[in-house]
$ cat structure-v4.cif   # mmCIF, C-alpha atoms
data_upload
#
loop_
_atom_site.group_PDB
_atom_site.id
_atom_site.type_symbol
_atom_site.label_atom_id
_atom_site.label_comp_id
_atom_site.auth_asym_id
_atom_site.auth_seq_id
_atom_site.Cartn_x
_atom_site.Cartn_y
_atom_site.Cartn_z
ATOM 1 C CA MET X 1 11.412 -3.175 22.166
ATOM 2 C CA PHE X 2 9.420 -0.189 21.026
ATOM 3 C CA GLU X 3 10.438 1.811 24.057
ATOM 4 C CA GLU X 4 14.060 1.318 23.208
ATOM 5 C CA GLU X 5 13.529 2.341 19.625
ATOM 6 C CA ASN X 6 11.710 5.489 20.638
ATOM 7 C CA GLU X 7 14.273 6.612 23.132
ATOM 8 C CA GLU X 8 17.114 6.508 20.642
ATOM 9 C CA ILE X 9 17.901 10.049 19.711
ATOM 10 C CA GLY X 10 20.490 11.651 17.540
ATOM 11 C CA GLY X 11 22.941 10.569 14.918
ATOM 12 C CA GLY X 12 25.732 8.121 15.204
ATOM 13 C CA ALA X 13 26.919 5.887 12.477
ATOM 14 C CA GLU X 14 25.095 2.822 13.775
ATOM 15 C CA GLY X 15 22.678 1.073 11.520
ATOM 16 C CA GLY X 16 19.317 -0.053 12.840
ATOM 17 C CA GLN X 17 15.942 1.453 13.377
ATOM 18 C CA GLY X 18 15.197 4.769 15.019
ATOM 19 C CA ARG X 19 18.722 5.990 14.499
ATOM 20 C CA ARG X 20 18.828 6.824 10.826
ATOM 21 C CA LYS X 21 17.531 10.042 9.377
ATOM 22 C CA ARG X 22 13.789 10.040 8.800
ATOM 23 C CA LEU X 23 13.054 8.848 5.271
ATOM 24 C CA PHE X 24 9.294 9.138 4.796
ATOM 25 C CA SER X 25 8.035 11.646 7.326
ATOM 26 C CA LYS X 26 6.079 13.824 4.918
ATOM 27 C CA GLU X 27 4.613 10.971 2.923
ATOM 28 C CA LEU X 28 3.645 9.055 6.035
ATOM 29 C CA ARG X 29 1.803 12.023 7.475
ATOM 30 C CA CYS X 30 -0.367 12.286 4.398
ATOM 31 C CA MET X 31 -0.877 8.554 4.383
ATOM 32 C CA MET X 32 -1.991 8.500 7.985
ATOM 33 C CA TYR X 33 -4.456 11.283 7.366
ATOM 34 C CA GLY X 34 -5.750 9.420 4.333
ATOM 35 C CA PHE X 35 -6.262 6.272 6.368
ATOM 36 C CA GLY X 36 -8.224 8.083 9.061
ATOM 37 C CA ASP X 37 -5.874 9.775 11.482
ATOM 38 C CA ASP X 38 -5.932 13.451 12.313
ATOM 39 C CA GLN X 39 -4.818 15.918 9.695
ATOM 40 C CA ASN X 40 -1.767 16.568 11.889
ATOM 41 C CA PRO X 41 -0.571 13.258 13.294
ATOM 42 C CA TYR X 42 1.774 13.143 16.255
ATOM 43 C CA THR X 43 5.406 13.013 15.216
ATOM 44 C CA GLU X 44 6.091 10.177 17.638
ATOM 45 C CA SER X 45 3.394 8.086 15.968
ATOM 46 C CA VAL X 46 4.759 8.887 12.534
ATOM 47 C CA ASP X 47 8.199 7.788 13.679
ATOM 48 C CA ILE X 48 6.857 4.521 15.035
ATOM 49 C CA LEU X 49 5.147 3.861 11.721
ATOM 50 C CA GLU X 50 8.302 4.653 9.786
ATOM 51 C CA ASP X 51 10.245 2.156 11.866
ATOM 52 C CA LEU X 52 7.512 -0.414 11.298
ATOM 53 C CA VAL X 53 7.584 0.129 7.551
ATOM 54 C CA ILE X 54 11.353 -0.136 7.388
ATOM 55 C CA GLU X 55 11.214 -3.319 9.444
ATOM 56 C CA PHE X 56 8.477 -4.679 7.171
ATOM 57 C CA ILE X 57 10.452 -3.953 4.021
ATOM 58 C CA THR X 58 13.606 -5.390 5.581
ATOM 59 C CA GLU X 59 11.846 -8.614 6.551
ATOM 60 C CA MET X 60 10.241 -8.979 3.131
ATOM 61 C CA THR X 61 13.539 -8.313 1.391
ATOM 62 C CA HIS X 62 15.403 -10.872 3.460
ATOM 63 C CA LYS X 63 12.717 -13.473 2.889
ATOM 64 C CA ALA X 64 12.636 -12.760 -0.837
ATOM 65 C CA MET X 65 16.370 -13.168 -0.991
ATOM 66 C CA SER X 66 16.154 -16.562 0.619
ATOM 67 C CA ILE X 67 13.657 -17.995 -1.873
ATOM 68 C CA GLY X 68 13.678 -18.328 -5.629
ATOM 69 C CA ARG X 69 16.917 -17.016 -7.020
ATOM 70 C CA GLN X 70 19.116 -16.704 -3.933
ATOM 71 C CA GLY X 71 20.501 -13.330 -3.032
ATOM 72 C CA ARG X 72 18.222 -11.492 -5.401
ATOM 73 C CA VAL X 73 14.808 -9.920 -4.927
ATOM 74 C CA GLN X 74 12.374 -10.618 -7.718
ATOM 75 C CA VAL X 75 8.731 -9.747 -8.117
ATOM 76 C CA GLU X 76 7.704 -13.385 -8.250
ATOM 77 C CA ASP X 77 9.213 -13.911 -4.814
ATOM 78 C CA ILE X 78 7.301 -10.993 -3.344
ATOM 79 C CA VAL X 79 4.074 -12.234 -4.845
ATOM 80 C CA PHE X 80 4.723 -15.672 -3.432
ATOM 81 C CA LEU X 81 5.434 -14.321 0.036
ATOM 82 C CA ILE X 82 2.194 -12.406 0.338
ATOM 83 C CA ARG X 83 0.004 -14.979 -1.360
ATOM 84 C CA LYS X 84 -1.908 -15.612 1.856
ATOM 85 C CA ASP X 85 -2.677 -11.947 2.540
ATOM 86 C CA PRO X 86 -5.603 -11.182 0.215
ATOM 87 C CA ARG X 87 -5.352 -7.404 0.382
ATOM 88 C CA LYS X 88 -1.655 -7.157 -0.331
ATOM 89 C CA PHE X 89 -1.777 -9.892 -2.927
ATOM 90 C CA ALA X 90 -4.568 -8.228 -4.862
ATOM 91 C CA ARG X 91 -2.865 -4.857 -4.588
ATOM 92 C CA VAL X 92 0.413 -6.104 -6.040
ATOM 93 C CA LYS X 93 -1.370 -7.805 -8.907
ATOM 94 C CA ASP X 94 -3.292 -4.622 -9.689
ATOM 95 C CA LEU X 95 -0.230 -2.391 -9.503
ATOM 96 C CA LEU X 96 1.788 -4.589 -11.818
ATOM 97 C CA THR X 97 -1.079 -4.900 -14.287
ATOM 98 C CA MET X 98 -1.654 -1.144 -14.313
ATOM 99 C CA ASN X 99 2.046 -0.543 -14.782
ATOM 100 C CA GLU X 100 2.031 -2.735 -17.855
ATOM 101 C CA GLU X 101 -0.971 -0.900 -19.241
ATOM 102 C CA LEU X 102 0.668 2.450 -18.593
ATOM 103 C CA LYS X 103 3.835 1.359 -20.332
ATOM 104 C CA ARG X 104 1.876 0.181 -23.348
ATOM 105 C CA ALA X 105 -0.154 3.394 -23.455
ATOM 106 C CA ARG X 106 2.935 5.536 -23.206
ATOM 107 C CA LYS X 107 4.669 3.552 -25.915
ATOM 108 C CA ALA X 108 1.693 3.898 -28.234
ATOM 109 C CA PHE X 109 1.562 7.613 -27.506
ATOM 110 C CA ASP X 110 5.247 8.040 -28.248
ATOM 111 C CA GLU X 111 4.982 6.107 -31.470
ATOM 112 C CA ALA X 112 1.992 8.188 -32.520
ATOM 113 C CA ASN X 113 3.923 11.388 -31.871
ATOM 114 C CA TYR X 114 7.009 10.137 -33.596
ATOM 115 C CA GLY X 115 5.037 9.099 -36.648
ATOM 116 C CA SER X 116 3.370 12.471 -37.138
ATOM 117 C CA MET F 1 -15.034 10.785 12.902
ATOM 118 C CA GLU F 2 -14.661 14.109 11.108
ATOM 119 C CA MET F 3 -11.825 16.524 11.688
ATOM 120 C CA ASP F 4 -11.805 20.168 10.718
ATOM 121 C CA GLY F 5 -9.479 21.758 8.272
ATOM 122 C CA ALA F 6 -7.848 20.251 5.275
ATOM 123 C CA CYS F 7 -4.535 18.672 4.647
ATOM 124 C CA GLU F 8 -2.730 20.481 1.868
ATOM 125 C CA SER F 9 -2.942 18.672 -1.400
ATOM 126 C CA PRO F 10 0.318 17.663 -2.988
ATOM 127 C CA ALA F 11 -0.255 20.167 -5.777
ATOM 128 C CA GLU F 12 -0.313 23.048 -3.341
ATOM 129 C CA LYS F 13 2.763 21.916 -1.539
ATOM 130 C CA GLY F 14 4.683 21.835 -4.746
ATOM 131 C CA GLY F 15 4.840 18.124 -4.840
ATOM 132 C CA ASP F 16 7.038 17.559 -1.880
ATOM 133 C CA THR F 17 4.590 15.465 0.080
ATOM 134 C CA GLY F 18 4.439 12.422 -2.083
ATOM 135 C CA ALA F 19 6.927 11.334 -4.647
ATOM 136 C CA PRO F 20 7.343 14.148 -7.126
ATOM 137 C CA ASP F 21 6.221 11.990 -9.976
ATOM 138 C CA GLU F 22 2.842 11.609 -8.298
ATOM 139 C CA VAL F 23 2.152 15.280 -8.884
ATOM 140 C CA ALA F 24 3.971 15.559 -12.167
ATOM 141 C CA ALA F 25 2.015 12.687 -13.583
ATOM 142 C CA ALA F 26 -1.275 14.245 -12.599
ATOM 143 C CA PRO F 27 -1.742 17.181 -14.968
ATOM 144 C CA ALA F 28 0.078 15.548 -17.867
ATOM 145 C CA GLY F 29 -1.284 12.804 -20.067
ATOM 146 C CA PRO F 30 -0.072 9.244 -20.261
ATOM 147 C CA GLY F 31 2.657 10.288 -22.662
ATOM 148 C CA ALA F 32 4.309 12.613 -20.194
ATOM 149 C CA PRO F 33 8.022 12.147 -19.544
ATOM 150 C CA ASP F 34 7.280 10.445 -16.300
ATOM 151 C CA ALA F 35 10.297 8.377 -15.510
ATOM 152 C CA ASP F 36 8.575 5.993 -13.168
ATOM 153 C CA GLY F 37 5.057 5.933 -14.474
ATOM 154 C CA HIS F 38 3.645 5.128 -11.094
ATOM 155 C CA PRO F 39 0.419 3.279 -11.739
ATOM 156 C CA GLU F 40 -1.405 4.538 -8.688
ATOM 157 C CA GLU F 41 -2.733 7.837 -10.011
ATOM 158 C CA THR F 42 -3.278 8.951 -13.540
ATOM 159 C CA ASP F 43 -5.838 11.682 -12.901
ATOM 160 C CA ALA F 44 -5.333 15.406 -12.561
ATOM 161 C CA ASP F 45 -6.605 17.473 -9.668
ATOM 162 C CA GLY F 46 -10.234 18.275 -9.190
ATOM 163 C CA GLU F 47 -13.446 16.727 -8.111
ATOM 164 C CA GLY F 48 -14.321 15.346 -11.483
ATOM 165 C CA ASP F 49 -11.089 13.458 -11.541
ATOM 166 C CA LEU F 50 -11.623 12.137 -8.068
ATOM 167 C CA LYS F 51 -14.751 10.612 -9.477
ATOM 168 C CA GLU F 52 -12.727 8.965 -12.188
ATOM 169 C CA ALA F 53 -10.399 7.815 -9.495
ATOM 170 C CA ALA F 54 -13.406 6.416 -7.713
ATOM 171 C CA VAL F 55 -14.223 4.476 -10.810
ATOM 172 C CA GLU F 56 -10.727 3.126 -10.844
ATOM 173 C CA GLU F 57 -10.931 2.270 -7.201
ATOM 174 C CA GLY F 58 -14.287 0.663 -7.730
ATOM 175 C CA GLU F 59 -12.659 -1.561 -10.277
ATOM 176 C CA LEU F 60 -9.815 -2.319 -7.950
ATOM 177 C CA LYS F 61 -12.007 -3.042 -4.944
ATOM 178 C CA SER F 62 -14.243 -5.429 -6.755
ATOM 179 C CA GLN F 63 -11.188 -7.118 -8.054
ATOM 180 C CA ASP F 64 -9.754 -7.638 -4.613
ATOM 181 C CA ILE F 65 -11.545 -10.911 -4.071
ATOM 182 C CA SER F 66 -12.195 -11.918 -7.649
ATOM 183 C CA ASP F 67 -8.570 -11.233 -8.416
ATOM 184 C CA LEU F 68 -7.629 -14.202 -6.324
ATOM 185 C CA THR F 69 -9.755 -16.423 -8.471
ATOM 186 C CA GLU F 70 -8.391 -14.742 -11.570
ATOM 187 C CA VAL F 71 -4.923 -15.733 -10.521
ATOM 188 C CA GLU F 72 -6.034 -19.287 -10.007
ATOM 189 C CA ARG F 73 -6.657 -19.592 -13.672
ATOM 190 C CA GLU F 74 -3.531 -17.878 -14.813
ATOM 191 C CA ASP F 75 -0.885 -19.214 -12.537
ATOM 192 C CA SER F 76 -1.340 -22.675 -11.201
ATOM 193 C CA SER F 77 1.842 -22.506 -9.185
ATOM 194 C CA LEU F 78 0.018 -20.187 -6.797
ATOM 195 C CA LEU F 79 -3.043 -22.418 -6.429
ATOM 196 C CA THR F 80 -3.772 -24.185 -3.208
ATOM 197 C CA PRO F 81 -5.518 -27.530 -3.504
ATOM 198 C CA ALA F 82 -8.652 -26.062 -1.947
ATOM 199 C CA ALA F 83 -8.707 -23.206 -4.423
ATOM 200 C CA LYS F 84 -8.479 -25.611 -7.328
ATOM 201 C CA LYS F 85 -11.668 -27.289 -6.192
ATOM 202 C CA LEU F 86 -13.524 -23.983 -6.166
ATOM 203 C CA LYS F 87 -13.034 -23.269 -9.867
ATOM 204 C CA ILE F 88 -16.268 -22.217 -11.566
ATOM 205 C CA GLU F 89 -16.917 -22.060 -15.318
ATOM 206 C CA PRO F 90 -14.580 -19.312 -16.571
ATOM 207 C CA LYS F 91 -17.252 -17.706 -18.707
ATOM 208 C CA GLU F 92 -19.874 -17.476 -15.939
ATOM 209 C CA LYS F 93 -17.286 -16.014 -13.632
ATOM 210 C CA LYS F 94 -16.283 -13.350 -16.132
ATOM 211 C CA GLU F 95 -19.874 -12.195 -16.677
ATOM 212 C CA LYS F 96 -20.525 -12.182 -12.968
ATOM 213 C CA LYS F 97 -17.343 -10.222 -12.397
ATOM 214 C CA GLN F 98 -18.233 -7.581 -14.991
ATOM 215 C CA LYS F 99 -21.603 -7.055 -13.388
ATOM 216 C CA VAL F 100 -19.972 -6.715 -9.983
ATOM 217 C CA ASP F 101 -17.496 -4.225 -11.470
ATOM 218 C CA GLU F 102 -20.216 -2.045 -12.922
ATOM 219 C CA ASP F 103 -22.138 -2.011 -9.654
ATOM 220 C CA GLU F 104 -19.015 -1.177 -7.710
ATOM 221 C CA ILE F 105 -18.084 1.628 -10.072
ATOM 222 C CA GLN F 106 -21.511 3.171 -9.831
ATOM 223 C CA LYS F 107 -21.604 2.899 -6.090
ATOM 224 C CA MET F 108 -18.197 4.506 -5.755
ATOM 225 C CA GLN F 109 -19.215 7.369 -8.012
ATOM 226 C CA ILE F 110 -22.334 8.032 -5.984
ATOM 227 C CA LEU F 111 -20.351 7.844 -2.800
ATOM 228 C CA VAL F 112 -17.570 10.180 -3.858
ATOM 229 C CA SER F 113 -20.011 12.707 -5.302
ATOM 230 C CA SER F 114 -21.641 12.980 -1.901
ATOM 231 C CA PHE F 115 -18.434 13.641 0.013
ATOM 232 C CA SER F 116 -18.015 16.769 2.069
ATOM 233 C CA GLU F 117 -14.950 18.894 1.391
ATOM 234 C CA GLU F 118 -13.128 17.394 4.342
ATOM 235 C CA GLN F 119 -13.950 13.910 3.185
ATOM 236 C CA LEU F 120 -12.777 14.727 -0.308
ATOM 237 C CA ASN F 121 -9.507 15.981 1.109
ATOM 238 C CA ARG F 122 -8.992 12.851 3.090
ATOM 239 C CA TYR F 123 -9.920 10.678 0.136
ATOM 240 C CA GLU F 124 -7.468 12.551 -2.033
ATOM 241 C CA MET F 125 -4.716 11.907 0.517
ATOM 242 C CA TYR F 126 -5.727 8.288 0.696
ATOM 243 C CA ARG F 127 -5.401 7.861 -3.054
ATOM 244 C CA ARG F 128 -2.382 10.033 -3.697
ATOM 245 C CA SER F 129 -0.063 9.413 -0.788
ATOM 246 C CA ALA F 130 2.774 7.105 -1.666
ATOM 247 C CA PHE F 131 6.278 6.282 -0.645
ATOM 248 C CA PRO F 132 9.044 7.939 -2.639
ATOM 249 C CA LYS F 133 10.312 5.378 -5.121
ATOM 250 C CA ALA F 134 13.920 6.473 -4.810
ATOM 251 C CA ALA F 135 14.019 6.016 -1.056
ATOM 252 C CA ILE F 136 12.390 2.585 -1.245
ATOM 253 C CA LYS F 137 14.784 1.508 -3.967
ATOM 254 C CA ARG F 138 17.744 2.719 -1.950
ATOM 255 C CA LEU F 139 16.486 0.911 1.122
ATOM 256 C CA ILE F 140 15.985 -2.410 -0.663
ATOM 257 C CA GLN F 141 19.297 -2.164 -2.450
ATOM 258 C CA SER F 142 21.114 -1.395 0.775
ATOM 259 C CA ILE F 143 19.765 -4.685 2.125
ATOM 260 C CA THR F 144 20.353 -6.877 -0.907
ATOM 261 C CA GLY F 145 23.597 -5.289 -2.016
ATOM 262 C CA THR F 146 22.475 -5.752 -5.611
ATOM 263 C CA SER F 147 20.206 -3.679 -7.792
ATOM 264 C CA VAL F 148 16.494 -4.400 -8.015
ATOM 265 C CA SER F 149 14.059 -3.944 -10.858
ATOM 266 C CA GLN F 150 11.479 -1.209 -11.049
ATOM 267 C CA ASN F 151 8.665 -3.719 -10.584
ATOM 268 C CA VAL F 152 10.101 -4.791 -7.265
ATOM 269 C CA VAL F 153 10.089 -1.197 -6.072
ATOM 270 C CA ILE F 154 6.524 -0.742 -7.265
ATOM 271 C CA ALA F 155 5.387 -3.929 -5.538
ATOM 272 C CA MET F 156 7.184 -3.171 -2.307
ATOM 273 C CA SER F 157 5.886 0.404 -2.149
ATOM 274 C CA GLY F 158 2.385 -0.859 -2.781
ATOM 275 C CA ILE F 159 2.313 -3.478 -0.085
ATOM 276 C CA SER F 160 4.002 -1.116 2.345
ATOM 277 C CA LYS F 161 1.159 1.314 1.879
ATOM 278 C CA VAL F 162 -1.352 -1.476 2.501
ATOM 279 C CA PHE F 163 0.646 -2.348 5.596
ATOM 280 C CA VAL F 164 0.454 1.247 6.862
ATOM 281 C CA GLY F 165 -3.284 1.168 6.270
ATOM 282 C CA GLU F 166 -3.689 -1.988 8.299
ATOM 283 C CA VAL F 167 -1.748 -0.566 11.221
ATOM 284 C CA VAL F 168 -3.531 2.792 11.174
ATOM 285 C CA GLU F 169 -6.952 1.179 10.948
ATOM 286 C CA GLU F 170 -6.189 -1.149 13.821
ATOM 287 C CA ALA F 171 -4.796 1.760 15.844
ATOM 288 C CA LEU F 172 -7.979 3.747 15.192
ATOM 289 C CA ASP F 173 -9.999 0.790 16.458
ATOM 290 C CA VAL F 174 -7.879 0.674 19.592
ATOM 291 C CA CYS F 175 -8.199 4.423 20.056
ATOM 292 C CA GLU F 176 -11.957 4.261 19.754
ATOM 293 C CA LYS F 177 -12.189 1.249 21.992
ATOM 294 C CA TRP F 178 -10.266 3.076 24.701
ATOM 295 C CA GLY F 179 -12.673 5.992 24.422
ATOM 296 C CA GLU F 180 -10.044 8.379 23.112
ATOM 297 C CA MET F 181 -9.770 10.632 20.088
ATOM 298 C CA PRO F 182 -7.295 11.040 17.256
ATOM 299 C CA PRO F 183 -4.498 12.037 16.718
ATOM 300 C CA LEU F 184 -3.187 8.559 17.264
ATOM 301 C CA GLN F 185 -0.699 8.238 20.066
ATOM 302 C CA PRO F 186 2.252 5.868 20.289
ATOM 303 C CA LYS F 187 0.376 3.688 22.760
ATOM 304 C CA HIS F 188 -2.366 3.128 20.175
ATOM 305 C CA MET F 189 0.213 2.237 17.554
ATOM 306 C CA ARG F 190 1.959 -0.222 19.844
ATOM 307 C CA GLU F 191 -1.264 -1.916 20.855
ATOM 308 C CA ALA F 192 -2.275 -2.112 17.206
ATOM 309 C CA VAL F 193 0.998 -3.782 16.317
ATOM 310 C CA ARG F 194 0.606 -6.199 19.214
ATOM 311 C CA ARG F 195 -2.835 -7.210 17.957
ATOM 312 C CA LEU F 196 -1.760 -7.547 14.346
ATOM 313 C CA LYS F 197 1.206 -9.639 15.405
ATOM 314 C CA SER F 198 -1.036 -12.063 17.230
ATOM 315 C CA LYS F 199 -3.099 -12.314 14.051
ATOM 316 C CA GLY F 200 0.041 -13.082 12.129
ATOM 317 C CA GLN F 201 -0.237 -10.018 9.941
ATOM 318 C CA ILE F 202 3.157 -8.659 10.783
ATOM 319 C CA PRO F 203 6.137 -10.628 9.534
ATOM 320 C CA ASN F 204 8.647 -11.434 12.210
ATOM 321 C CA SER F 205 11.338 -13.963 11.505
ATOM 322 C CA LYS F 206 13.250 -13.254 14.702
ATOM 323 C CA HIS F 207 10.826 -14.999 17.039
ATOM 324 C CA LYS F 208 11.089 -18.728 17.496
ATOM 325 C CA LYS F 209 7.625 -20.180 17.056
ATOM 326 C CA ILE F 210 6.435 -22.817 19.478
ATOM 327 C CA ILE F 211 3.981 -25.025 17.682
ATOM 328 C CA PHE F 212 3.230 -27.850 20.075
ATOM 329 C CA PHE F 213 3.291 -27.697 23.816
#
$ encode --input "structure-v4.cif" --output "structure tokens"
Amino acid sequence: MFEEENEEIGGGAEGGQGRRKRLFSKELRCMMYGFGDDQNPYTESVDILEDLVIEFITEMTHKAMSIGRQGRVQVEDIVFLIRKDPRKFARVKDLLTMNEELKRARKAFDEANYGS
Amino acid sequence: MEMDGACESPAEKGGDTGAPDEVAAAPAGPGAPDADGHPEETDADGEGDLKEAAVEEGELKSQDISDLTEVEREDSSLLTPAAKKLKIEPKEKKEKKQKVDEDEIQKMQILVSSFSEEQLNRYEMYRRSAFPKAAIKRLIQSITGTSVSQNVVIAMSGISKVFVGEVVEEALDVCEKWGEMPPLQPKHMREAVRRLKSKGQIPNSKHKKIIFF
């Protein structure tokens, strides 16, 4: 499984993991360092992680599409899917709450500017 | 496990490590024309701001567990029967939670203020690294075929980062257990994934589960 993915090299119009252009290489490197890896992680490891992340997102998206409103991905579905994973669940709740606060703060700021 | 040297901060790299809005949002205030308004980081560069970030993180960390109980009150559709039985008086819980928050915040501040430069660098990467919103949005939309809301992108990016953390931490455990040193090698990553899969932490809808045998 992983061996196959790693040995795929080069372009080609096929979909699937390990064959597309690398999407998150830079960000993943910083993330890995932040989580405890070396400051310069191995490229092969970064690639494996990228494939894992894409697979994770793909799985989540497919699952979300199959529940709630069919064929669409909504936040409620994501929250439902990770309800049993305490870390991810708490993180999503925090992110959404903070986003709301940010939006409100920005709106208030804009209104204040507009008024003066 | 300390490594020498420092990873360049996003500010130095001109913002091309993380999503550009991560860096753009940093020096500006909350009213900045930040299209996405990513909620992860609102502080500017510098040690003092890392301390503020520590405060924020302190709040988040202490909320990790208590957040679950918070949700129980707000959204009963997410309650399990067991969780319903564990409900305490809302007022007591709120006071207890505030006290826990304050302790956590203080502890985080003390911790971050005692970091070495290398540790500060790593902590900064830990806080600031994020997936580029555009790429995530494109990826999700290529799977659904329809458009998705901004909140979905935010949620998905967030849990993906948590996912990366889980894999990297497990891989570091494996690496240490095998008596080896970072950088992590593919074999560590694969073993980490194998372990997480057996714990059910990696979603896999392709495998047919055998329940009774």
$ atom_distance --input "structure-v4.cif" --atom1 "atom CA of Arg190 of chain F" --atom2 "atom CA of Ile202 of chain F"
12.4 Å
$ interface_residues --input "structure-v4.cif" --of "chain X" --to "chain F" --cutoff "6 Å" --atoms "only C-alpha atoms" --output "PDB file with C-alpha atoms, in the coordinates of the input"
ATOM      1  CA  LYS X  26       6.079  13.824   4.918  1.00  0.00           C
ATOM      2  CA  GLU X  27       4.613  10.971   2.923  1.00  0.00           C
ATOM      3  CA  CYS X  30      -0.367  12.286   4.398  1.00  0.00           C
ATOM      4  CA  MET X  31      -0.877   8.554   4.383  1.00  0.00           C
ATOM      5  CA  GLY X  34      -5.750   9.420   4.333  1.00  0.00           C
ATOM      6  CA  PHE X  35      -6.262   6.272   6.368  1.00  0.00           C
ATOM      7  CA  ASP X  37      -5.874   9.775  11.482  1.00  0.00           C
ATOM      8  CA  ASP X  38      -5.932  13.451  12.313  1.00  0.00           C
ATOM      9  CA  GLN X  39      -4.818  15.918   9.695  1.00  0.00           C
ATOM     10  CA  PRO X  41      -0.571  13.258  13.294  1.00  0.00           C
ATOM     11  CA  SER X  45       3.394   8.086  15.968  1.00  0.00           C
ATOM     12  CA  VAL X  75       8.731  -9.747  -8.117  1.00  0.00           C
ATOM     13  CA  LYS X  88      -1.655  -7.157  -0.331  1.00  0.00           C
ATOM     14  CA  ALA X  90      -4.568  -8.228  -4.862  1.00  0.00           C
ATOM     15  CA  VAL X  92       0.413  -6.104  -6.040  1.00  0.00           C
ATOM     16  CA  MET X  98      -1.654  -1.144 -14.313  1.00  0.00           C
ATOM     17  CA  ASN X  99       2.046  -0.543 -14.782  1.00  0.00           C
ATOM     18  CA  ARG X 106       2.935   5.536 -23.206  1.00  0.00           C
ATOM     19  CA  PHE X 109       1.562   7.613 -27.506  1.00  0.00           C
TER      20      PHE X 109
END
$ atom_distance --input "structure-v4.cif" --atom1 "atom CA of Ile82 of chain X" --atom2 "atom CA of Glu89 of chain F"
26.5 Å
$ residues_around --input "structure-v4.cif" --residues "segment 62-64 of chain X" --least-positions-apart "6" --cutoff "9 Å" --atoms "only C-alpha atoms" --output "PDB file with C-alpha atoms, in the frame of the given file"
ATOM      1  CA  GLN X  70      19.116 -16.704  -3.933  1.00  0.00           C
ATOM      2  CA  GLY X  71      20.501 -13.330  -3.032  1.00  0.00           C
ATOM      3  CA  ARG X  72      18.222 -11.492  -5.401  1.00  0.00           C
ATOM      4  CA  VAL X  73      14.808  -9.920  -4.927  1.00  0.00           C
ATOM      5  CA  GLN X  74      12.374 -10.618  -7.718  1.00  0.00           C
ATOM      6  CA  VAL X  75       8.731  -9.747  -8.117  1.00  0.00           C
ATOM      7  CA  GLU X  76       7.704 -13.385  -8.250  1.00  0.00           C
ATOM      8  CA  ASP X  77       9.213 -13.911  -4.814  1.00  0.00           C
ATOM      9  CA  ILE X  78       7.301 -10.993  -3.344  1.00  0.00           C
ATOM     10  CA  PHE X  80       4.723 -15.672  -3.432  1.00  0.00           C
ATOM     11  CA  LEU X  81       5.434 -14.321   0.036  1.00  0.00           C
TER      12      LEU X  81
ATOM     13  CA  ILE F 143      19.765  -4.685   2.125  1.00  0.00           C
ATOM     14  CA  THR F 144      20.353  -6.877  -0.907  1.00  0.00           C
ATOM     15  CA  SER F 205      11.338 -13.963  11.505  1.00  0.00           C
TER      16      SER F 205
END
$ atom_distance --input "structure-v4.cif" --atom1 "atom CA of Val174 of chain F" --atom2 "atom CA of Ala192 of chain F"
6.7 Å
$ axis_aligned_box --input "structure-v4.cif" --around "segment 90-104 of chain F" --padding-each-side "4 Å" --output "lines of an AutoDock Vina configuration file"
center_x = -18.4
center_y = -10.2
center_z = -13.2
size_x = 15.6
size_y = 26.1
size_z = 19.0
$ closest_residue --input "structure-v4.cif" --among "F:Lys197, F:Glu180, F:Arg138, F:Glu104" --to "Thr58 of chain X" --atoms "only C-alpha atoms"
F:Arg138
